[in-house]
Structures are given as structure tokens and as C-alpha cells.
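What follows is a single structure, written as C-alpha cells, with notes after it.
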Amino acid sequence: MKPFGARDHGGGLDAAMARYGGERADWLDLSTGINPHPYPLPRFAPQDWTALPDAAAMAALETAARGFWGVPAGAALLAAPGASALIARIPALMPKGRVRVANRTYNEHAGAFSDAGWQVVRDGAAEARVVVHPNNPTGTYWTATEDGPARGLLVIDESFCDIAPDQSHIGTMATAPGVVILKSLGKFWGLAGARLGFAIGDPAHIASLARMLGPWPVSGPALAIGTAALRDTDWADRTRQRLRADSARLDAVMEARGATLAGGTTLFRLYDVGDAQDWQNRLARGRVWSRAFPYDARWLRLGLPPEDRWDQLEAALP
């Protein structure tokens with residue numbers, strides 16, 4: 001059973017196990033698009049666990065984040081306990097109105113605005129707009145054009161954009177009034193359990209989000225992990241190369257079984273498989289969990305397997 005208020009997502013391996021059987025160790029979870037080779041955890045100091053996070057540790061994380069993403073001096077930056085915590089609070093930045101969100105995209109944005117009393121629209125003028133860049137699940141990149149919100153708020157969710165840093169809008173849009181850009185350590189770095197995300201942009205909006213989150217929004221261990229990861233540009237460069245190779249390998253495996261590439265990024269691939277529910281069921285019998293979508297019966301999304309479990313995926317494919 002989903003938690004109260006939960007929306008449709010990848011993950012949920014416990015529900016798959018309840019339906020199809022097996023132990024957690026038996027399952028290969030490819031439903032989320034999280035890097036299967038995560039950033040190696042640093043050594044923690046005892047105070048990371050036992051003391052309230054201090055200002056120096058937060059400042060070190062913010063400095064590392066500004067350097068890694070090239071955040072302009074005029075843009076504010078806020079670390080938070082995951083991008084989802086920010087998404088849930090962003091609708092409170094403005095009075096309720098209309099928000100423009102694409103139909104086939106990450107569904108927490110529309111859900112958060114709707115829960116807060118906003119009217120969600122798919123096109124036309126609106127007081128706020130949300131774009132996911134690159135989009136999840138199609139992988140398409142958004143280009144800033146004249147059709148943005150006429151006034152108010154523009155949210156650019158770049159949770160998957162660290163695969164292609166040259167595509168980021170931080171350098172060109174983070175200082176614009178009303179802009180909030182979201183980042184996450186859960187996808188590219190494979191550290192979803194650390195619950196660490198960032199909001200970058202309009203200082204007034206970032207200050208409001210900081211007040212909503214309250215003191216000590218990020219845990220001591222997450223501060224240490226994030227600082228180390230964002231300073232390690234060599235790891236990031238190597239990871240981008242590996243992701244390109246592994247996503248091409250996944251395409252070859254799937255296309256050999258009759259799937260057609262429909263989109264995606266180097267962290268996840270989207271395929272047209274004809275009958276996605278049938279494919280998901282067959283994969284699940286081989287203890288491989290995939291992502292099907294309620295709005296398209298043909299689409300199946302797969303993340304990348306870790307290096308030692310490609311054989312399990314190939315054996316489970318129909």
C-alpha cells in the first residue's frame with residue numbers, strides 16, 4: 001500500500017516483492033534512474049552524527065556547490081533535505097493562481113501545486129511555470145523562450161542535468177527574478193538515501209524557502225557527503241563517460257529484443273515496447289523491476305544495471 005498522499009513513482013520494491021515474491025537481494029531495481037555506481041562515502045567524524053550541524057559545515061557545502069555548478073554571485077543557494085522537500089514548499093512562494101506544468105513529466109510538481117490549491121494547466125498563460133530539464137521520462141531539454149510565465153515564478157528542475165553540465169541554465173538564468181533551479185545528489189551521484197537537494201536562484205524566493213525549512217535542514221552526514229562529492233570533479237567526469245557507454249549498451253540489449261528507443265538520458269532510457277505492462281510483468285518474474293506509466297501503455301523506462309548484474313537483466317527480458 002502506498003503512503004497517504006503518495007503519487008505514482010519508480011521504486012516501491014517492497015510492493016513488487018509482495019506481488020511477485022523473492023527477497024530484496026534477489027531484485028534488480030531499474031525503476032528509478034539512480035546511478036548504480038554511487039559516489040563512495042567519505043569517512044565521517046563522530047560529530048557528524050552526534051552534534052547539530054554547524055555553520056562552517058554548511059558554508060563548506062555551499063562553497064562546493066557554487067563551485068561545481070558555477071553559480072553566479074547574484075544568485076542565492078540553499079541546501080535542503082532532498083529536492084522533494086523543496087518541491088513541496090515551492091507553491092507557498094506565491095499567492096495561489098495558475099501553474100503551467102507539462103502533462104508527461106515528473107508528477108510531484110503538479111501534485112504539490114494542486115495540493116496547495118493552485119490550478120494546474122498544460123499550456124497558456126500562468127502565474128508560475130515548472131519545467132523539468134532534462135525531462136523525466138522523455139529526456140528532452142527545455143530551451144528558454146518567450147512562452148515562459150508572464151509574471152511570477154519559473155521553476156527549472158535540473159535533478160538529472162549533471163549528466164550534461166553544458167545544458168544547465170544556472171549560468172544564464174539563476175540571477176533572473178522569479179527563477180528557482182533545483183538540483184539533487186540523488187540521481188547522478190546515486191545518493192538518494194542521503195536526502196540532499198539544492199535550490200538556486202532568486203534571493204527573495206531562496207530566503208523564503210530557507211525560512212520554511214527552519215534551522216539545520218541538512219544532516220551532518222549529508223553535509224559531509226555533499227561537500228566531498230561536489231569537490232570531486234574527476235569522479236564526475238569519469239562517471240559521465242561510463243554512463244554514456246552503459247546507456248548505449250542498454251539500448252543495444254533492448255533493441256535486440258524488439259524495443260524501440262523513445263527517449264531518456266544516460267541515467268535512464270525510455271522504450272516503446274508495445275505492451276509495457278506485459279514487459280513489466282515478465283521482467284518482474286525474473287526479479288527485475290521497471291517503470292511503467294499510467295498515461296502511456298507503450299512506454300517502459302529502465303535505469304542502468306550495476307556492472308555485475310547485466311546478466312540478470314538479459315535473462316529476464318522477454
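We label chains A, B, ... in the order they appear in the C-alpha cells, count residues from 1 in each chain, and number ligands from 1 in the order shown.
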
For range 184-240 of chain A versus range 23-33 of chain A, which residues have an atom no more than 12 Å away, and what is each residue's nearest atom pair and distance in Å rounded to one decimal, using only C-alpha atoms, chain-then-number order, as a Markdown table?
| residue | atom | partner | partner_atom | distance |
| --- | --- | --- | --- | --- |
| A:Gly186 | CA | A:Gly33 | CA | 9.5 |
| A:Lys187 | CA | A:Gly33 | CA | 6.7 |
| A:Phe188 | CA | A:Gly33 | CA | 8.8 |
| A:Trp189 | CA | A:Gly33 | CA | 11.1 |
| A:Gly190 | CA | A:Gly33 | CA | 9.0 |
| A:Leu191 | CA | A:Gly33 | CA | 11.7 |
| A:Ala192 | CA | A:Thr32 | CA | 10.1 |

List every residue of range 64-111 of chain A that DSSP, applied to the backbone, labels as helix (DSSP H, G or I), and write the result as number ranges by chain.
A: 64-69, 83-93, 108-111

Would you mind listing what lies within 10 Å of Thr140 in chain A as an MDAnalysis selection string, with only C-alpha atoms counted and same-chain residues fewer than 5 positions away left out?
chainID A and resid 132:135 263:265

For the structure I just gave you, how does DSSP split range 67-298 of chain A - specifically, which residues are strand (DSSP E)? Reply as a PyMOL selection string.
chain A and resi 76-80+98-101+119-121+128-132+153-157+179-184+197-201+260-264+268-272+288-289+291-293+296-298

Give me a file of those residues, with C-alpha atoms, as a PDB file, in the first residue's frame.
ATOM      1  CA  ALA A  76      21.301  32.587  -3.798  1.00  0.00           C
ATOM      2  CA  LEU A  77      21.793  28.918  -2.911  1.00  0.00           C
ATOM      3  CA  LEU A  78      20.048  26.759  -0.319  1.00  0.00           C
ATOM      4  CA  ALA A  79      20.802  23.170   0.707  1.00  0.00           C
ATOM      5  CA  ALA A  80      17.768  21.115   1.692  1.00  0.00           C
ATOM      6  CA  ARG A  98      -2.396  29.049 -12.328  1.00  0.00           C
ATOM      7  CA  VAL A  99       0.746  26.988 -12.804  1.00  0.00           C
ATOM      8  CA  ARG A 100       1.823  25.556 -16.143  1.00  0.00           C
ATOM      9  CA  VAL A 101       3.255  22.027 -15.970  1.00  0.00           C
ATOM     10  CA  GLN A 119      -4.880  25.388 -10.807  1.00  0.00           C
ATOM     11  CA  VAL A 120      -2.597  23.207 -12.917  1.00  0.00           C
ATOM     12  CA  VAL A 121      -2.729  23.963 -16.652  1.00  0.00           C
ATOM     13  CA  ALA A 128       4.019  30.139 -12.436  1.00  0.00           C
ATOM     14  CA  ARG A 129       5.665  27.588 -14.672  1.00  0.00           C
ATOM     15  CA  VAL A 130       7.587  24.371 -13.958  1.00  0.00           C
ATOM     16  CA  VAL A 131       9.930  22.706 -16.450  1.00  0.00           C
ATOM     17  CA  VAL A 132      11.956  19.543 -15.877  1.00  0.00           C
ATOM     18  CA  LEU A 153       7.711  32.102 -10.749  1.00  0.00           C
ATOM     19  CA  LEU A 154       9.750  29.836 -13.041  1.00  0.00           C
ATOM     20  CA  VAL A 155      10.941  26.535 -11.557  1.00  0.00           C
ATOM     21  CA  ILE A 156      13.597  24.630 -13.519  1.00  0.00           C
ATOM     22  CA  ASP A 157      14.115  21.123 -12.147  1.00  0.00           C
ATOM     23  CA  VAL A 179      13.687  31.815 -11.100  1.00  0.00           C
ATOM     24  CA  VAL A 180      14.304  28.792  -8.846  1.00  0.00           C
ATOM     25  CA  ILE A 181      16.555  25.992 -10.165  1.00  0.00           C
ATOM     26  CA  LEU A 182      16.550  22.633  -8.395  1.00  0.00           C
ATOM     27  CA  LYS A 183      19.470  20.232  -8.055  1.00  0.00           C
ATOM     28  CA  SER A 184      19.752  16.796  -6.429  1.00  0.00           C
ATOM     29  CA  GLY A 197      18.981  18.755  -2.737  1.00  0.00           C
ATOM     30  CA  PHE A 198      19.527  22.421  -3.588  1.00  0.00           C
ATOM     31  CA  ALA A 199      17.528  25.455  -4.663  1.00  0.00           C
ATOM     32  CA  ILE A 200      19.441  28.098  -6.632  1.00  0.00           C
ATOM     33  CA  GLY A 201      18.132  31.407  -7.901  1.00  0.00           C
ATOM     34  CA  THR A 260      12.339   0.973 -29.774  1.00  0.00           C
ATOM     35  CA  LEU A 261      14.145   3.848 -28.097  1.00  0.00           C
ATOM     36  CA  ALA A 262      11.615   6.605 -27.276  1.00  0.00           C
ATOM     37  CA  GLY A 263      13.792   8.935 -25.211  1.00  0.00           C
ATOM     38  CA  GLY A 264      15.653   9.156 -21.938  1.00  0.00           C
ATOM     39  CA  PHE A 268      17.620   6.107 -17.698  1.00  0.00           C
ATOM     40  CA  ARG A 269      16.231   5.014 -21.060  1.00  0.00           C
ATOM     41  CA  LEU A 270      12.646   5.165 -22.290  1.00  0.00           C
ATOM     42  CA  TYR A 271      11.447   2.467 -24.686  1.00  0.00           C
ATOM     43  CA  ASP A 272       8.344   1.818 -26.741  1.00  0.00           C
ATOM     44  CA  VAL A 288      13.885  -7.084 -12.393  1.00  0.00           C
ATOM     45  CA  TRP A 289      11.744  -4.069 -11.529  1.00  0.00           C
ATOM     46  CA  ARG A 291       8.868   1.647 -14.576  1.00  0.00           C
ATOM     47  CA  ALA A 292       5.600   1.695 -16.500  1.00  0.00           C
ATOM     48  CA  PHE A 293       3.454   4.821 -16.803  1.00  0.00           C
ATOM     49  CA  ASP A 296       1.136   5.650 -21.858  1.00  0.00           C
ATOM     50  CA  ALA A 297       0.593   1.902 -22.138  1.00  0.00           C
ATOM     51  CA  ARG A 298       3.541   1.506 -24.552  1.00  0.00           C
TER      52      ARG A 298
END

Near Leu93 in chain A, within 8 Å and counting only C-alpha atoms, which residues show up once chain neighbours fewer than 5 positions away are dropped, as an MDAnalysis selection string?
chainID A and resid 205 208:209

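Distance-wise, CA of Gln241 in chain A and CA of Leu267 in chain A end up 11.5 Å apart.
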
Of A:Ala110, A:Ala15, A:Met212, A:Cys161, the one nearest to Ala92 in chain A when counting only C-alpha atoms is A:Met212

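Pairwise distance (CA of Ile87 in chain A, CA of Ala207 in chain A) equals 15.0 Å.
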
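Nearest residue to Gln47 in chain A among A:Thr175, A:Ser290, A:Ser219, A:Asn35 is A:Ser219, counting only C-alpha atoms.
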
Sort by chain and increasing residue number a table of all residues of range 205-290 of chain A within 6 Å of range 60-70 of chain A, each with its closest pair of atoms and their distance in Å to one decimal, counting only C-alpha atoms, and write it as a Markdown table.
| residue | atom | partner | partner_atom | distance |
| --- | --- | --- | --- | --- |
| A:Thr227 | CA | A:Leu61 | CA | 4.6 |
| A:Leu230 | CA | A:Ala64 | CA | 5.5 |
| A:Arg231 | CA | A:Ala64 | CA | 5.7 |

Counting only C-alpha atoms, what is within 12 Å of Ala245 in chain A, bar same-chain residues fewer than 4 positions away, as a PyMOL selection string?
chain A and resi 238-241+249-252+265-267+304+307

Go through A:Pro53, A:Pro306, A:Pro38, A:Gly286 one by one, measure the shortest atom-to-atom distance of each to Ala16 in chain A using only C-alpha atoms, and give the residue with the smallest value.
A:Gly286

List the spatial neighbours of Leu196 in chain A as a PyMOL selection string - criterion: any atom at most 6 Å away, only C-alpha atoms, same-chain residues fewer than 5 positions off excluded.
chain A and resi 80-82+185
